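File shown: my_file.cif (mmCIF, C-alpha atoms and all ligand atoms).
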```cif
data_run
#
loop_
_atom_site.label_atom_id
_atom_site.label_comp_id
_atom_site.auth_asym_id
_atom_site.auth_seq_id
_atom_site.Cartn_x
_atom_site.Cartn_y
_atom_site.Cartn_z
CA MET A 1 100.12 78.03 -66.93
CA PRO A 2 103.13 79.88 -68.46
CA TYR A 3 105.57 78.94 -65.67
CA LEU A 4 104.72 75.26 -65.81
CA GLN A 5 104.96 75.23 -69.60
CA LYS A 6 108.48 76.66 -69.42
CA THR A 7 109.73 74.55 -66.50
CA ASP A 8 108.24 71.16 -67.24
CA SER A 9 106.74 70.69 -70.67
CA GLU A 10 106.08 66.97 -70.02
CA ILE A 11 103.75 67.62 -67.09
CA TYR A 12 102.31 70.68 -68.83
CA ASN A 13 101.44 68.64 -71.91
CA LEU A 14 99.88 65.87 -69.85
CA ILE A 15 97.68 68.40 -68.02
CA LYS A 16 96.63 69.88 -71.36
CA LYS A 17 95.78 66.38 -72.60
CA GLU A 18 93.76 65.74 -69.45
CA GLU A 19 91.86 69.01 -70.03
CA LYS A 20 91.03 67.78 -73.52
CA ARG A 21 90.02 64.33 -72.25
CA LEU A 22 87.66 65.94 -69.73
CA LYS A 23 86.26 68.31 -72.36
CA ASP A 24 85.61 65.63 -74.99
CA THR A 25 84.13 62.94 -72.73
CA LEU A 26 81.31 62.71 -70.20
CA MET A 27 82.33 62.27 -66.56
CA MET A 28 79.90 59.65 -65.31
CA ILE A 29 81.88 58.12 -62.44
CA PRO A 30 79.48 59.00 -59.60
CA SER A 31 82.26 59.98 -57.19
CA GLU A 32 83.78 62.57 -59.54
CA ASN A 33 82.88 66.16 -60.36
CA TYR A 34 84.29 69.35 -61.90
CA ALA A 35 85.54 71.75 -59.19
CA SER A 36 85.28 75.42 -60.08
CA ARG A 37 88.33 77.42 -61.18
CA ALA A 38 87.99 79.35 -57.91
CA VAL A 39 88.52 76.09 -55.98
CA GLU A 40 91.46 75.18 -58.22
CA GLU A 41 93.06 78.59 -57.73
CA ALA A 42 92.90 78.26 -53.94
CA VAL A 43 94.40 74.75 -54.05
CA GLY A 44 97.16 75.78 -56.45
CA SER A 45 98.09 78.86 -54.42
CA VAL A 46 101.09 79.70 -52.19
CA LEU A 47 99.21 78.20 -49.25
CA GLY A 48 100.78 74.86 -50.14
CA ASN A 49 104.07 76.20 -48.79
CA LYS A 50 102.90 76.45 -45.19
CA TYR A 51 103.33 74.05 -42.27
CA SER A 52 100.53 74.47 -39.73
CA GLU A 53 100.66 71.51 -37.32
CA GLY A 54 98.00 71.89 -34.68
CA TYR A 55 94.65 73.63 -34.92
CA PRO A 56 93.66 77.30 -35.44
CA PHE A 57 95.30 79.53 -32.81
CA LYS A 58 97.02 76.46 -31.28
CA ARG A 59 99.88 75.80 -33.70
CA TYR A 60 103.44 74.61 -33.26
CA TYR A 61 105.11 76.89 -35.83
CA GLN A 62 105.13 80.65 -36.39
CA GLY A 63 103.58 82.50 -39.33
CA GLN A 64 100.02 81.28 -38.91
CA GLU A 65 97.96 84.47 -39.11
CA ASN A 66 96.46 83.60 -42.50
CA ALA A 67 96.34 79.82 -42.08
CA ASP A 68 94.41 80.24 -38.81
CA GLN A 69 91.78 82.37 -40.49
CA ILE A 70 91.48 80.08 -43.50
CA GLU A 71 91.01 76.94 -41.41
CA SER A 72 88.53 78.75 -39.12
CA LEU A 73 86.50 79.89 -42.14
CA ALA A 74 86.38 76.34 -43.50
CA ILE A 75 85.25 75.00 -40.11
CA GLU A 76 82.55 77.65 -39.63
CA ARG A 77 81.21 77.19 -43.16
CA ALA A 78 80.99 73.40 -42.72
CA LYS A 79 79.28 73.76 -39.33
CA ALA A 80 76.70 76.15 -40.79
CA LEU A 81 76.10 74.14 -43.97
CA PHE A 82 75.53 70.80 -42.23
CA GLY A 83 74.24 72.04 -38.86
CA VAL A 84 76.79 70.21 -36.73
CA GLU A 85 78.60 71.11 -33.51
CA HIS A 86 82.19 70.35 -34.42
CA VAL A 87 84.15 69.89 -37.65
CA ASN A 88 87.70 68.76 -38.38
CA VAL A 89 88.72 69.89 -41.87
CA GLN A 90 92.23 68.41 -41.84
CA PRO A 91 91.84 64.78 -43.05
CA TYR A 92 93.86 64.30 -46.21
CA SER A 93 91.04 62.27 -47.76
CA GLY A 94 88.13 59.96 -46.99
CA SER A 95 90.04 56.80 -46.09
CA PRO A 96 92.28 58.48 -43.47
CA ALA A 97 89.20 60.31 -42.14
CA ASN A 98 87.42 57.02 -41.52
CA PHE A 99 90.47 55.45 -39.93
CA ALA A 100 90.90 58.53 -37.73
CA VAL A 101 87.39 58.03 -36.37
CA TYR A 102 88.04 54.35 -35.56
CA ASN A 103 91.42 55.21 -34.05
CA GLY A 104 89.89 58.00 -32.00
CA VAL A 105 86.94 56.21 -30.46
CA LEU A 106 87.80 52.49 -30.46
CA LYS A 107 90.38 50.20 -28.91
CA GLN A 108 92.32 47.83 -31.13
CA GLY A 109 90.23 44.67 -31.56
CA ASP A 110 86.88 46.41 -31.05
CA THR A 111 84.15 45.50 -33.53
CA ILE A 112 83.02 47.69 -36.42
CA MET A 113 80.08 46.89 -38.63
CA GLY A 114 79.71 48.27 -42.16
CA LEU A 115 78.09 47.40 -45.48
CA SER A 116 80.04 44.72 -47.34
CA LEU A 117 82.23 46.06 -50.17
CA ALA A 118 80.67 43.51 -52.53
CA PHE A 119 77.23 44.98 -51.76
CA GLY A 120 78.17 48.64 -52.20
CA GLY A 121 80.11 49.51 -49.05
CA HIS A 122 83.65 50.92 -48.98
CA LEU A 123 87.05 49.34 -48.34
CA THR A 124 87.37 51.33 -45.10
CA HIS A 125 84.07 50.00 -43.75
CA GLY A 126 85.78 46.75 -42.75
CA ALA A 127 86.75 45.03 -46.02
CA ASP A 128 89.27 42.18 -45.76
CA ALA A 129 91.93 44.04 -47.75
CA SER A 130 91.70 47.20 -45.63
CA VAL A 131 93.50 48.05 -42.38
CA SER A 132 90.05 48.70 -40.97
CA SER A 133 89.71 44.91 -40.63
CA LYS A 134 93.31 44.40 -39.50
CA TYR A 135 93.16 46.56 -36.38
CA PHE A 136 89.45 46.09 -35.69
CA ARG A 137 87.17 43.10 -35.87
CA ALA A 138 85.00 43.76 -38.91
CA VAL A 139 81.51 42.40 -39.45
CA ASN A 140 79.74 43.19 -42.72
CA TYR A 141 76.05 43.46 -43.43
CA GLU A 142 74.48 42.88 -46.86
CA LEU A 143 71.50 43.78 -49.04
CA ASN A 144 68.32 41.80 -49.58
CA LYS A 145 67.42 40.24 -52.95
CA GLU A 146 65.65 43.43 -54.06
CA GLY A 147 68.87 45.42 -53.58
CA TYR A 148 67.89 47.27 -50.38
CA ILE A 149 69.60 47.25 -46.98
CA ASP A 150 67.95 44.60 -44.83
CA TYR A 151 67.52 46.47 -41.52
CA LYS A 152 65.98 43.46 -39.78
CA ALA A 153 69.00 41.32 -40.60
CA LEU A 154 71.26 44.22 -39.61
CA MET A 155 69.57 44.42 -36.20
CA GLU A 156 70.08 40.67 -35.66
CA LEU A 157 73.72 40.89 -36.74
CA ALA A 158 74.30 43.83 -34.41
CA LYS A 159 72.74 41.97 -31.47
CA LYS A 160 74.92 38.95 -32.21
CA HIS A 161 78.25 40.79 -32.65
CA LYS A 162 77.70 43.84 -30.39
CA PRO A 163 79.81 46.27 -32.43
CA GLN A 164 81.28 49.33 -30.74
CA LEU A 165 80.75 51.30 -33.97
CA ILE A 166 78.32 50.97 -36.87
CA VAL A 167 79.04 52.60 -40.22
CA ALA A 168 76.09 53.79 -42.29
CA GLY A 169 77.64 54.57 -45.62
CA THR A 170 77.86 53.39 -49.20
CA THR A 171 79.64 53.84 -52.50
CA ALA A 172 77.38 51.90 -54.85
CA TYR A 173 73.94 51.99 -53.22
CA PRO A 174 71.37 54.02 -55.17
CA ARG A 175 68.65 54.08 -52.51
CA LEU A 176 68.03 56.29 -49.46
CA LEU A 177 69.69 55.31 -46.22
CA ASP A 178 67.20 55.11 -43.38
CA TRP A 179 69.08 57.04 -40.70
CA LYS A 180 66.32 56.44 -38.15
CA GLN A 181 66.60 52.66 -38.46
CA PHE A 182 70.38 52.81 -38.19
CA ALA A 183 70.00 54.93 -35.02
CA ALA A 184 67.58 52.45 -33.49
CA ILE A 185 70.00 49.58 -34.15
CA ALA A 186 73.01 51.50 -32.76
CA LYS A 187 70.99 52.36 -29.65
CA VAL A 188 70.11 48.73 -28.89
CA VAL A 189 73.81 47.74 -28.84
CA ASN A 190 75.07 51.09 -27.51
CA ALA A 191 77.39 51.58 -30.51
CA TYR A 192 78.70 54.81 -31.95
CA LEU A 193 76.90 55.50 -35.22
CA MET A 194 79.05 56.96 -37.98
CA ALA A 195 77.55 58.12 -41.28
CA ASP A 196 80.01 58.11 -44.17
CA ILE A 197 78.21 60.49 -46.53
CA SER A 198 81.09 60.89 -49.00
CA HIS A 199 78.92 60.21 -52.04
CA ILE A 200 75.82 62.12 -50.95
CA ALA A 201 77.24 65.04 -48.92
CA GLY A 202 76.36 67.59 -51.61
CA LEU A 203 72.84 66.19 -51.91
CA ILE A 204 72.43 66.55 -48.14
CA ALA A 205 73.96 70.03 -48.02
CA GLY A 206 71.59 71.12 -50.81
CA LYS A 207 68.60 69.56 -49.05
CA ALA A 208 67.85 67.01 -51.76
CA TYR A 209 68.51 63.97 -49.54
CA PRO A 210 67.60 63.44 -45.83
CA SER A 211 70.26 64.61 -43.41
CA PRO A 212 71.70 62.15 -40.86
CA VAL A 213 72.66 64.93 -38.41
CA GLU A 214 69.79 64.29 -36.00
CA TYR A 215 70.42 60.54 -35.88
CA VAL A 216 74.16 59.86 -35.90
CA ASP A 217 77.12 60.67 -33.65
CA ILE A 218 79.81 61.21 -36.25
CA ILE A 219 79.78 62.07 -39.96
CA THR A 220 82.65 61.67 -42.39
CA THR A 221 82.74 62.86 -45.96
CA THR A 222 85.13 63.53 -48.77
CA THR A 223 84.91 66.99 -50.28
CA HIS A 224 85.54 66.27 -53.96
CA LYS A 225 82.38 64.40 -54.93
CA THR A 226 78.90 65.97 -54.87
CA LEU A 227 80.30 68.83 -52.73
CA ARG A 228 82.32 69.82 -55.83
CA GLY A 229 85.40 70.81 -53.81
CA PRO A 230 89.05 69.77 -53.91
CA ARG A 231 90.30 66.37 -52.75
CA GLY A 232 90.04 66.26 -48.97
CA ALA A 233 87.65 65.27 -46.21
CA LEU A 234 85.69 66.43 -43.16
CA ILE A 235 84.90 64.72 -39.88
CA MET A 236 81.84 66.16 -38.16
CA VAL A 237 80.52 65.58 -34.65
CA THR A 238 76.83 66.08 -33.97
CA LYS A 239 74.97 67.28 -30.88
CA LYS A 240 73.83 63.68 -30.41
CA GLY A 241 77.44 62.49 -30.55
CA LEU A 242 78.55 64.99 -27.92
CA LYS A 243 75.69 63.91 -25.70
CA LYS A 244 76.78 60.28 -25.98
CA ASP A 245 80.43 61.14 -25.44
CA PRO A 246 81.34 64.71 -24.35
CA ASP A 247 84.99 64.03 -25.32
CA LEU A 248 84.13 62.91 -28.85
CA ALA A 249 85.35 66.06 -30.63
CA THR A 250 88.63 66.06 -28.70
CA LYS A 251 89.16 62.34 -29.36
CA ILE A 252 88.71 62.87 -33.10
CA ASP A 253 90.89 65.97 -33.28
CA LYS A 254 93.68 64.18 -31.37
CA SER A 255 93.35 61.16 -33.61
CA ILE A 256 93.91 63.29 -36.73
CA PHE A 257 96.72 65.34 -35.18
CA PRO A 258 99.04 64.23 -33.67
CA GLY A 259 97.63 60.69 -34.00
CA LEU A 260 97.69 60.09 -37.73
CA GLN A 261 98.71 63.20 -39.62
CA GLY A 262 101.30 65.95 -39.51
CA GLY A 263 100.82 69.30 -41.20
CA PRO A 264 97.37 69.92 -42.65
CA HIS A 265 97.18 70.84 -46.33
CA ILE A 266 96.14 74.47 -45.85
CA ASN A 267 95.82 74.96 -49.61
CA SER A 268 93.27 72.12 -49.81
CA ILE A 269 91.50 73.48 -46.74
CA ALA A 270 91.22 76.86 -48.49
CA GLY A 271 89.75 75.09 -51.53
CA ILE A 272 87.29 73.30 -49.24
CA ALA A 273 86.25 76.66 -47.75
CA VAL A 274 85.64 78.05 -51.26
CA ALA A 275 83.57 75.01 -52.23
CA LEU A 276 81.52 75.23 -49.03
CA LYS A 277 80.74 78.86 -49.87
CA GLU A 278 79.59 77.79 -53.33
CA ASP A 279 77.57 74.95 -51.75
CA SER A 280 75.57 77.28 -49.51
CA THR A 281 73.77 79.02 -52.37
CA LYS A 282 70.25 78.52 -53.75
CA LYS A 283 71.91 77.76 -57.09
CA PHE A 284 73.71 74.79 -55.54
CA GLN A 285 70.44 73.51 -54.07
CA LYS A 286 68.91 73.64 -57.53
CA TYR A 287 71.93 71.83 -58.94
CA VAL A 288 71.78 68.92 -56.48
CA HIS A 289 68.02 68.48 -56.95
CA GLN A 290 68.69 68.25 -60.69
CA ILE A 291 71.38 65.59 -60.09
CA ILE A 292 68.69 63.29 -58.66
CA VAL A 293 66.06 64.16 -61.28
CA ASN A 294 68.67 63.39 -63.94
CA ALA A 295 69.71 60.09 -62.32
CA GLN A 296 66.07 59.01 -62.19
CA ALA A 297 65.52 59.99 -65.83
CA LEU A 298 68.67 58.12 -66.84
CA ALA A 299 67.63 55.00 -64.88
CA LYS A 300 64.24 55.09 -66.60
CA SER A 301 65.80 55.46 -70.03
CA LEU A 302 68.18 52.53 -69.37
CA MET A 303 65.28 50.35 -68.23
CA ASP A 304 63.14 51.44 -71.21
CA ASN A 305 66.06 50.30 -73.35
CA ASN A 306 66.20 46.87 -71.65
CA ILE A 307 69.09 47.41 -69.26
CA ARG A 308 68.51 45.88 -65.82
CA VAL A 309 68.91 48.54 -63.14
CA ILE A 310 69.53 47.27 -59.61
CA SER A 311 66.51 47.99 -57.37
CA ASN A 312 64.72 49.32 -60.48
CA GLY A 313 65.80 52.91 -60.04
CA THR A 314 67.54 55.37 -57.77
CA ASP A 315 66.85 57.94 -55.04
CA SER A 316 70.26 59.53 -55.40
CA HIS A 317 72.97 60.46 -57.88
CA LEU A 318 73.96 56.96 -58.95
CA ILE A 319 72.77 53.95 -60.86
CA LEU A 320 74.03 50.40 -60.70
CA ALA A 321 73.24 48.37 -63.81
CA ASP A 322 73.56 44.65 -64.42
CA ILE A 323 74.70 44.03 -67.99
CA SER A 324 75.34 40.29 -67.64
CA ASN A 325 72.28 39.33 -69.71
CA TYR A 326 74.09 40.76 -72.75
CA GLY A 327 76.80 38.14 -72.20
CA ILE A 328 79.60 40.61 -71.51
CA LEU A 329 81.62 41.58 -68.45
CA GLY A 330 81.49 44.97 -66.73
CA ASN A 331 85.06 45.41 -67.99
CA THR A 332 84.00 45.19 -71.65
CA ALA A 333 81.05 47.51 -71.11
CA ALA A 334 83.13 50.11 -69.22
CA GLU A 335 85.95 50.03 -71.78
CA GLY A 336 83.52 50.12 -74.72
CA LEU A 337 81.69 53.06 -73.19
CA GLU A 338 85.00 54.82 -72.54
CA TYR A 339 85.74 54.35 -76.25
CA ILE A 340 82.58 56.29 -77.15
CA GLY A 341 83.31 58.97 -74.51
CA VAL A 342 81.16 57.83 -71.58
CA VAL A 343 83.55 57.43 -68.65
CA LEU A 344 82.15 55.29 -65.85
CA ASN A 345 83.35 52.25 -63.91
CA ARG A 346 82.73 48.53 -63.81
CA ASN A 347 81.21 47.39 -60.55
CA SER A 348 80.08 44.32 -58.67
CA ILE A 349 76.34 43.97 -58.37
CA PRO A 350 74.62 42.49 -55.30
CA TRP A 351 74.95 38.69 -55.32
CA ASP A 352 77.39 38.93 -58.24
CA LYS A 353 78.38 35.57 -59.70
CA ASN A 354 81.57 37.08 -61.08
CA PRO A 355 84.64 38.19 -59.09
CA PRO A 356 85.19 41.92 -58.30
CA PHE A 357 87.92 42.29 -60.95
CA TYR A 358 85.56 40.96 -63.65
CA PRO A 359 82.17 42.03 -62.33
CA SER A 360 78.74 41.87 -63.95
CA GLY A 361 77.82 45.50 -63.58
CA ILE A 362 78.57 49.11 -64.36
CA ARG A 363 78.14 52.07 -61.97
CA MET A 364 77.33 55.52 -63.25
CA GLY A 365 76.27 58.85 -61.81
CA THR A 366 74.99 62.27 -62.79
CA PRO A 367 76.93 64.82 -60.62
CA GLY A 368 79.44 65.64 -63.38
CA ILE A 369 77.05 65.79 -66.33
CA THR A 370 74.58 67.86 -64.27
CA SER A 371 77.41 70.33 -63.53
CA ARG A 372 77.68 70.65 -67.34
CA GLY A 373 74.01 71.64 -67.48
CA MET A 374 72.38 68.48 -68.83
CA LYS A 375 68.69 67.90 -68.17
CA GLU A 376 66.10 65.08 -68.36
CA LYS A 377 65.83 64.97 -72.15
CA ASP A 378 69.60 64.59 -72.44
CA MET A 379 69.36 61.70 -69.95
CA LYS A 380 66.82 60.01 -72.20
CA GLN A 381 69.24 60.22 -75.10
CA LEU A 382 72.21 59.18 -72.97
CA GLY A 383 70.39 56.11 -71.61
CA SER A 384 69.60 55.01 -75.13
CA ILE A 385 73.22 55.53 -76.25
CA ILE A 386 74.60 53.54 -73.30
CA ALA A 387 72.12 50.73 -73.89
CA LYS A 388 72.87 50.61 -77.62
CA ALA A 389 76.60 50.39 -76.91
CA VAL A 390 76.19 47.54 -74.40
CA GLN A 391 73.85 45.64 -76.73
CA ALA A 392 76.15 46.09 -79.72
CA LEU A 393 79.14 44.82 -77.72
CA GLY A 394 77.14 41.75 -76.64
CA LEU A 395 76.10 40.95 -80.21
CA GLN A 396 79.61 41.47 -81.54
CA LYS A 397 81.06 39.15 -78.88
CA LYS A 398 78.68 36.42 -80.00
CA LYS A 399 79.32 37.07 -83.68
CA SER A 400 83.10 37.01 -83.34
CA GLY A 401 83.07 33.87 -81.16
CA ILE A 402 85.10 35.41 -78.32
CA THR A 403 84.81 33.10 -75.31
CA ASP A 404 84.22 34.21 -71.71
CA SER A 405 87.78 33.37 -70.73
CA GLU A 406 89.20 35.22 -73.74
CA GLU A 407 87.12 38.24 -72.77
CA ARG A 408 89.08 38.45 -69.53
CA LYS A 409 92.15 39.36 -71.59
CA ARG A 410 92.45 43.05 -72.45
CA SER A 411 93.71 42.36 -75.99
CA PHE A 412 90.53 40.44 -76.83
CA ARG A 413 88.35 43.18 -75.33
CA THR A 414 90.15 45.82 -77.37
CA LYS A 415 89.65 43.76 -80.54
CA LEU A 416 85.99 43.36 -79.67
CA ILE A 417 85.51 47.09 -79.06
CA THR A 418 87.29 48.24 -82.20
CA SER A 419 85.36 45.76 -84.34
CA THR A 420 81.95 46.89 -83.01
CA LYS A 421 80.96 49.26 -85.84
CA GLU A 422 77.93 50.79 -84.07
CA LEU A 423 80.26 52.37 -81.49
CA LYS A 424 81.60 54.84 -84.07
CA THR A 425 78.20 56.53 -84.54
CA LEU A 426 77.58 56.54 -80.79
CA LYS A 427 80.99 58.15 -80.23
CA ALA A 428 80.00 60.97 -82.60
CA ASP A 429 76.72 61.44 -80.69
CA ILE A 430 78.59 61.75 -77.38
CA LEU A 431 81.08 64.23 -78.84
CA LYS A 432 78.16 66.37 -79.98
CA LEU A 433 76.76 66.34 -76.44
CA THR A 434 80.13 67.36 -74.95
CA LYS A 435 80.26 70.34 -77.32
CA LYS A 436 76.71 71.36 -76.47
CA PHE A 437 77.50 71.20 -72.72
CA PRO A 438 80.97 72.64 -72.03
CA ILE A 439 82.57 72.32 -68.59
CA PRO A 440 81.77 75.48 -66.59
CA ALA A 441 84.62 77.46 -65.02
CA ALA A 442 82.35 78.94 -62.35
CA TYR A 443 79.04 77.99 -60.77
N1 LIG A 501 86.62 55.68 -54.93
C1 LIG A 501 85.37 56.18 -54.40
C2 LIG A 501 84.22 55.81 -55.26
O1 LIG A 501 84.40 55.81 -56.47
O2 LIG A 501 83.13 55.55 -54.78
C3 LIG A 501 85.14 55.79 -53.00
O3 LIG A 501 86.25 56.12 -52.25
#
```

Please go through the file and, once you have read it, give me the structure as structure tokens.
Ligand code: DSN
Amino acid sequence: MPYLQKTDSEIYNLIKKEEKRLKDTLMMIPSENYASRAVEEAVGSVLGNKYSEGYPFKRYYQGQENADQIESLAIERAKALFGVEHVNVQPYSGSPANFAVYNGVLKQGDTIMGLSLAFGGHLTHGADASVSSKYFRAVNYELNKEGYIDYKALMELAKKHKPQLIVAGTTAYPRLLDWKQFAAIAKVVNAYLMADISHIAGLIAGKAYPSPVEYVDIITTTTHKTLRGPRGALIMVTKKGLKKDPDLATKIDKSIFPGLQGGPHINSIAGIAVALKEDSTKKFQKYVHQIIVNAQALAKSLMDNNIRVISNGTDSHLILADISNYGILGNTAAEGLEYIGVVLNRNSIPWDKNPPFYPSGIRMGTPGITSRGMKEKDMKQLGSIIAKAVQALGLQKKKSGITDSEERKRSFRTKLITSTKELKTLKADILKLTKKFPIPAAY
């Protein structure tokens, strides 16, 4: 980056530091991944200079001959990869994509029904703090005690509230979504069924997780998670959706532009096209199958090392673990693990007794570390390292007499982490792993 280095050394140095942070730590936030250099080159290209309001071959400004072809390629690649009838590649990210769907197909005050944020849904699925519950009436469904979606209860809730749209989508749910059951429920109340597959889109594209295409009307997804693309999103309309509402594609396109957005980010769309090309290979299919094998091996290792895993395992890329029996908060575990080089996030667990800012769990995933080439035996080691770190932090908290309310203060947590001697050895183990598995530039 010679130009950046010369023009703005502050930003240049921060990017270099971020490269080092990524290199020396393990990316275990399940919604993150390492895009290829090819994707980065497309996103960082001159395409960012172009205004292209409208859609391919129907633009408002001149100079579109390349933008039209780029957006068309992205659309065609997404249609082929997922097997859908219509794709909009312009949403700036997942949250605006979801809102664009609601805005396109619902009237203000209509009812949406999504998984509660506290049980692994997403803000945009009707959480109190989100505009999705300000402009629409939001009803949330929950999980049963075993940590699975309770489809019977969902059917009853749907019959009671008669939503116009049901969201089948999650951000912290390790198990398979039963698209068929969602479809049956949506049919009974004549609701649109929208699958938000942001977390699992790559798994679906690579045929490692059942596809919702046959069962739902609309699909939204971000492009930067398991799809390994740049930040952005897709809205897809299925054959089923067009049968239910022949104007569905037009409603969604109009909702994105001119409804909610102006000029699409053609540079991001080019990066999405590149990622979709990478995602249509046999190599990608192998990669996403390995993501799940790794997540299952990691869940097993955690459980073998006495960490409670919600629903006792996973069918996907992510694991939700309850660490409350070690007497520490998710905050302490996440910060302690960050200290040793395992970067994940604290998370509420189903039926959490603690508030979302100080939850009882941690959420982790294998997309990033599988991109680095790790396999089952590395998961076994990693599970044992994570468990040892959590256990050591719990013991140290007890030993040092830090109270639960003190633990809520960052200064106490930092003191606790730096005084937990075992973490030093574990940090060295993680650094060794990062050196053994460098971040690939190409896939
Ligand atoms: N922030 C994403 C996640 O981590 O799941 C969802 O938008």

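You will find CA of Glu65 in chain A at 22.9 Å from CA of Ala233 in chain A.
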
Residues of chain A that have any atom at most 7 Å from an atom of ligand LIG 501 (chain A): could you tabulate them with the shortest-distance atom pair and the distance in Å to one decimal, using all atoms listed in the file, ordered by chain and increasing number, as a Markdown table?
```
| residue | atom | partner | partner_atom | distance |
| --- | --- | --- | --- | --- |
| A:Ile29 | CA | A:LIG501 | O1 | 6.9 |
| A:Pro30 | CA | A:LIG501 | O1 | 6.6 |
| A:Ser31 | CA | A:LIG501 | O1 | 4.7 |
| A:Gly94 | CA | A:LIG501 | O3 | 6.8 |
| A:His122 | CA | A:LIG501 | C3 | 6.5 |
| A:Thr171 | CA | A:LIG501 | O2 | 4.5 |
| A:Ala172 | CA | A:LIG501 | O2 | 6.8 |
| A:His199 | CA | A:LIG501 | O2 | 6.9 |
```

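Counting only C-alpha atoms and comparing A:Asn144, A:Tyr192, A:Glu71, A:Val293, the residue that lies closest to Arg59 in chain A is A:Glu71.
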
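A straight line drawn from CA of Lys421 in chain A to CA of Pro359 in chain A is 24.6 Å long.
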
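In this model, the gap between CA of Ala205 in chain A and CA of Thr250 in chain A comes to 24.6 Å.
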
Write out as a list in words which residues come within 10 Å of Thr314 in chain A when counting all atoms listed in the file, dropping same-chain ones fewer than 6 positions away.
Tyr173, Pro174, Arg175, Leu176, Ile292, Val293, Ala295, Gln296, Ala297, Leu298, Ala299, Lys300 and Leu320 of chain A

With all atoms listed in the file as the basis for distance, which of A:Pro56, A:Pro258, A:Gly263, A:Pro230 is at the shortest distance from Leu73 in chain A?
A:Pro56

Excluding range 181-187 of chain A and its own-chain neighbours fewer than 3 positions away, which residues fall within 8 Å of it when counting all atoms listed in the file? Please give them as a VMD selection string.
chain A and resid 151 154 to 155 158 165 to 166 168 178 190 to 193 215 to 216

Keeping C-alpha atoms for every residue in the selection just given, could you write it to a file as a PDB file, keeping the file's coordinate frame?
```
ATOM      1  CA  TYR A 151      67.520  46.470 -41.520  1.00  0.00           C
ATOM      2  CA  LEU A 154      71.260  44.220 -39.610  1.00  0.00           C
ATOM      3  CA  MET A 155      69.570  44.420 -36.200  1.00  0.00           C
ATOM      4  CA  ALA A 158      74.300  43.830 -34.410  1.00  0.00           C
ATOM      5  CA  LEU A 165      80.750  51.300 -33.970  1.00  0.00           C
ATOM      6  CA  ILE A 166      78.320  50.970 -36.870  1.00  0.00           C
ATOM      7  CA  ALA A 168      76.090  53.790 -42.290  1.00  0.00           C
ATOM      8  CA  ASP A 178      67.200  55.110 -43.380  1.00  0.00           C
ATOM      9  CA  ASN A 190      75.070  51.090 -27.510  1.00  0.00           C
ATOM     10  CA  ALA A 191      77.390  51.580 -30.510  1.00  0.00           C
ATOM     11  CA  TYR A 192      78.700  54.810 -31.950  1.00  0.00           C
ATOM     12  CA  LEU A 193      76.900  55.500 -35.220  1.00  0.00           C
ATOM     13  CA  TYR A 215      70.420  60.540 -35.880  1.00  0.00           C
ATOM     14  CA  VAL A 216      74.160  59.860 -35.900  1.00  0.00           C
TER      15      VAL A 216
END
```

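Residues in contact range of Phe119 in chain A, defined as at most 7 Å between only C-alpha atoms, with sequence neighbours fewer than 4 positions away removed, read Leu115, Glu142, Leu143, Ile349 and Pro350 of chain A.
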
Same residues, C-alpha atoms, output as a compact mmCIF listing (two decimals), in the frame of the given file:
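Done, and the output landed in result.txt:
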```txt
# COMPACT_ATOMS: atom_id res chain seq x y z
CA LEU A 115 78.09 47.40 -45.48
CA GLU A 142 74.48 42.88 -46.86
CA LEU A 143 71.50 43.78 -49.04
CA ILE A 349 76.34 43.97 -58.37
CA PRO A 350 74.62 42.49 -55.30
```

So which one's closest to Lys50 in chain A, A:Lys243, A:Lys16, A:His265, A:Lys162? Using only C-alpha atoms, please.
A:His265

Pick out the residues sitting within 12 Å of Tyr358 in chain A, and hand them over as a ChimeraX atom specification; count all atoms listed in the file, and ignore anything fewer than 5 positions along from it in its own chain.
/A:324,328-334,345-349,352-353,404-405,407-410

Grab all the atoms of range 158-164 of chain A that the file lists, wrap them in a box along x, y and z, add 5 Å per side, and give me centre plus edge lengths in Å (one decimal) as lines of an AutoDock Vina configuration file.
```
center_x = 77.0
center_y = 44.1
center_z = -32.4
size_x = 18.5
size_y = 20.4
size_z = 14.0
```

Once you count all atoms listed in the file, what closest atom pair and distance in Å to one decimal does each residue of range 275-332 of chain A within 8 Å of range 385-403 of chain A have, with rows by chain and rising residue number, as a Markdown table?
```
| residue | atom | partner | partner_atom | distance |
| --- | --- | --- | --- | --- |
| A:Leu302 | CA | A:Ala387 | CA | 6.3 |
| A:Asn305 | CA | A:Ala387 | CA | 6.1 |
| A:Asn306 | CA | A:Ala387 | CA | 7.4 |
| A:Ile307 | CA | A:Ala387 | CA | 6.5 |
| A:Ile323 | CA | A:Val390 | CA | 7.5 |
| A:Tyr326 | CA | A:Gly394 | CA | 5.0 |
| A:Gly327 | CA | A:Gly394 | CA | 5.7 |
| A:Ile328 | CA | A:Gly394 | CA | 5.8 |
| A:Thr332 | CA | A:Leu393 | CA | 7.8 |
```

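Among the candidates A:Asp429, A:Asp279, A:Glu214, A:Asp378, the residue lying nearest to Lys180 in chain A is A:Glu214 (atoms considered: only C-alpha atoms).
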
Residue nearest Glu40 in chain A - candidates A:Val89, A:Ile256, A:Leu431, A:Ala273, atoms counted: all atoms listed in the file:
A:Ala273
